[in-house]
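Here is the structure we will look at.
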Amino acid sequence: MKALALDTLAKMTRSQVLILAVLMAQAAGQTRQILVSIPDHKLAFIENGEVRKVYPVATGSDKTPSPVGSFKVVSRVTNPTYYHQGKQVEPGPLNPVGNRWIGLDERGYGIHGTNAPKSIGKSVSHGCIPMAKKDLEEFFEMVRPGDVVEIRAERDDETSELFGTPAPSKPAQNKPVVMAANESQPHGGQ
């Protein structure tokens, strides 16, 4: 039986092996999440509820914002070719997505490198999540197809705790209006 299993694994493509690894991790109860906070320009890699690493990132500009919501990693590419509006840039130092691409299930969006390292920490991308080269190369090794990517446009209690930023202010509680039977104008309650 073992020989049959090893023989089957040997015939599987790289993609099939990655899918099998994701399914086995899910069956074992392992969870992996990538949380991106647009206002904080940070990304957290969370495994089994524990923050493994936090990275600074760039995000989409006001004109071309990053998508918001829950996505999944669908691909990992080393030395990608960049395509945008009929333009093609081969792998190399001029490639705007750097040397790694982590594709999301939102077509055209991903987490990638950059040929403009000073953009990290700013809202300047076409909607993707660029990272510094060294950070991306480390992060790339941790990420697998099927991992959940949550991109948030606003700070909340979770992002505040993860990234050490102020929690969103809660709306002020209105004091009850108290009126005496013989009054015509309300006044603040005590």
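For the structure tokens, the naming scheme is as follows: chains receive sequential letters (A, B, ...) according to their order of presentation, residues are indexed from 1 within each chain, and ligands are indexed from 1 in presentation order.
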
Where in stretch 17-133 of chain A does DSSP assign strand (DSSP E), given as an MDAnalysis selection string?
chainID A and resid 32:37 42:47 50:56 59:60 69:78 82:84 87:89 100:104 110:112 123:125 129:130

Name the residues in contact with stretch 64-81 of chain A at a cut-off of 8 Å, using only C-alpha atoms, excluding same-chain residues fewer than 3 positions from it; report them as a compact mmCIF listing (two decimals) with C-alpha atoms, in the first residue's frame.
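And here is the file that came out, part-v2.txt:
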```
# COMPACT_ATOMS: atom_id res chain seq x y z
CA ILE A 38 -5.19 49.31 4.13
CA THR A 59 -1.79 49.50 -1.03
CA GLY A 60 -3.95 50.84 -3.84
CA SER A 61 -4.22 54.56 -4.50
CA GLN A 88 4.49 43.34 -21.08
CA VAL A 89 7.58 43.48 -18.87
CA GLU A 90 9.78 40.41 -18.63
CA PRO A 91 11.26 39.30 -15.27
CA GLY A 92 14.10 41.51 -14.08
CA ASN A 95 9.49 44.53 -13.59
CA VAL A 97 5.80 43.31 -9.64
CA GLY A 98 9.30 42.25 -8.62
CA ASN A 99 10.44 38.65 -8.47
CA ARG A 100 7.40 37.02 -6.80
CA TRP A 101 3.64 37.03 -7.48
CA ILE A 102 1.00 35.64 -5.12
CA GLY A 103 -2.22 35.70 -7.14
CA LEU A 104 -5.65 36.13 -5.55
CA ASP A 105 -8.98 34.79 -6.78
CA GLU A 106 -9.90 38.40 -7.65
CA SER A 125 -0.35 50.83 -6.27
CA HIS A 126 -2.88 49.92 -8.95
CA GLY A 127 -4.76 47.97 -6.26
CA CYS A 128 -2.34 45.16 -5.50
CA ILE A 129 -0.38 44.73 -2.27
CA PHE A 140 6.28 33.70 -0.33
CA ARG A 144 0.05 28.31 -0.01
CA PRO A 145 -2.82 28.18 -2.50
CA GLY A 146 -6.08 28.14 -0.57
CA ASP A 147 -4.85 30.50 2.16
CA VAL A 148 -7.45 33.13 3.04
CA VAL A 149 -6.57 36.78 2.41
CA GLU A 150 -8.71 39.33 4.23
CA ILE A 151 -8.25 42.93 3.01
CA ARG A 152 -9.82 45.59 5.24
CA ALA A 153 -10.37 49.23 4.34
```

Go ahead and compute the interatomic distance for atom CA of A:Gln33 and atom CA of A:Ile46, in Å to one decimal.
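Atom CA of A:Ile46 lies at a distance of 5.1 Å from atom CA of A:Gln33.
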
So how far away is atom CA of A:Asp135 from atom CA of A:Tyr55, in Å?
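Taking atom CA of A:Tyr55 as the start and atom CA of A:Asp135 as the end point, the length is 6.9 Å.
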
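Candidate residues A:Glu47, A:Pro39, A:Pro96, A:Arg32 were compared for distance to A:Arg155, and the nearest is A:Pro39, using only C-alpha atoms.
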
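Atom CA of A:Thr31 lies 21.4 Å from atom CA of A:Glu137.
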
Pick from A:Val51, A:Ile34, A:Val124, A:Ala116 nearest to A:Leu162, counting only C-alpha atoms:
A:Val51

Would you list the contacts of A:Pro117 as a list in words, taking every protein, DNA or RNA residue within 9 Å and counting only C-alpha atoms, but skipping same-chain residues closer than 5 positions in sequence?
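In the requested form, the answer reads Pro130, Met131, Ala132 and Lys133 of chain A.
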
Output N, CA and C atoms for every residue in the selection just made, as an mmCIF file, in the first residue's frame.
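Dumped to selection_12.cif:
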```
data_model
loop_
_atom_site.group_PDB
_atom_site.id
_atom_site.type_symbol
_atom_site.label_atom_id
_atom_site.label_comp_id
_atom_site.auth_asym_id
_atom_site.auth_seq_id
_atom_site.Cartn_x
_atom_site.Cartn_y
_atom_site.Cartn_z
ATOM 1 N N PRO A 130 1.891 45.519 -2.809
ATOM 2 C CA PRO A 130 3.339 45.353 -2.968
ATOM 3 C C PRO A 130 4.057 45.239 -1.627
ATOM 4 N N MET A 131 5.161 44.485 -1.630
ATOM 5 C CA MET A 131 6.001 44.286 -0.444
ATOM 6 C C MET A 131 7.468 44.494 -0.828
ATOM 7 N N ALA A 132 8.290 44.772 0.180
ATOM 8 C CA ALA A 132 9.734 44.857 -0.032
ATOM 9 C C ALA A 132 10.251 43.485 -0.455
ATOM 10 N N LYS A 133 11.293 43.473 -1.273
ATOM 11 C CA LYS A 133 11.816 42.231 -1.852
ATOM 12 C C LYS A 133 12.145 41.168 -0.796
#
```

Let's see if you can do this: from backbone DSSP, list all helix (DSSP H, G or I) residues in stretch 25-188 of chain A, as a PyMOL selection string.
chain A and resi 25-27+117-119+133-142+157-163

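Checking A:Asp40, A:Pro166, A:Thr114, A:Gly49 one by one against A:Pro93, counting only C-alpha atoms, you find the shortest gap at A:Thr114.
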
Rank A:Ala58, A:Val36, A:Gly86, A:Phe45 by their smallest atom-to-atom distance to A:Gly113, using only C-alpha atoms, and report the top residue only.
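Once distances to A:Gly113 are computed over only C-alpha atoms, the minimum belongs to A:Ala58.
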
Which polymer residues have any atom within 7 Å of an atom of A:Val54, counting only C-alpha atoms, with same-chain residues fewer than 5 positions away left out, as JSON, numbers by chain?
{"A": [42, 43, 44, 45]}
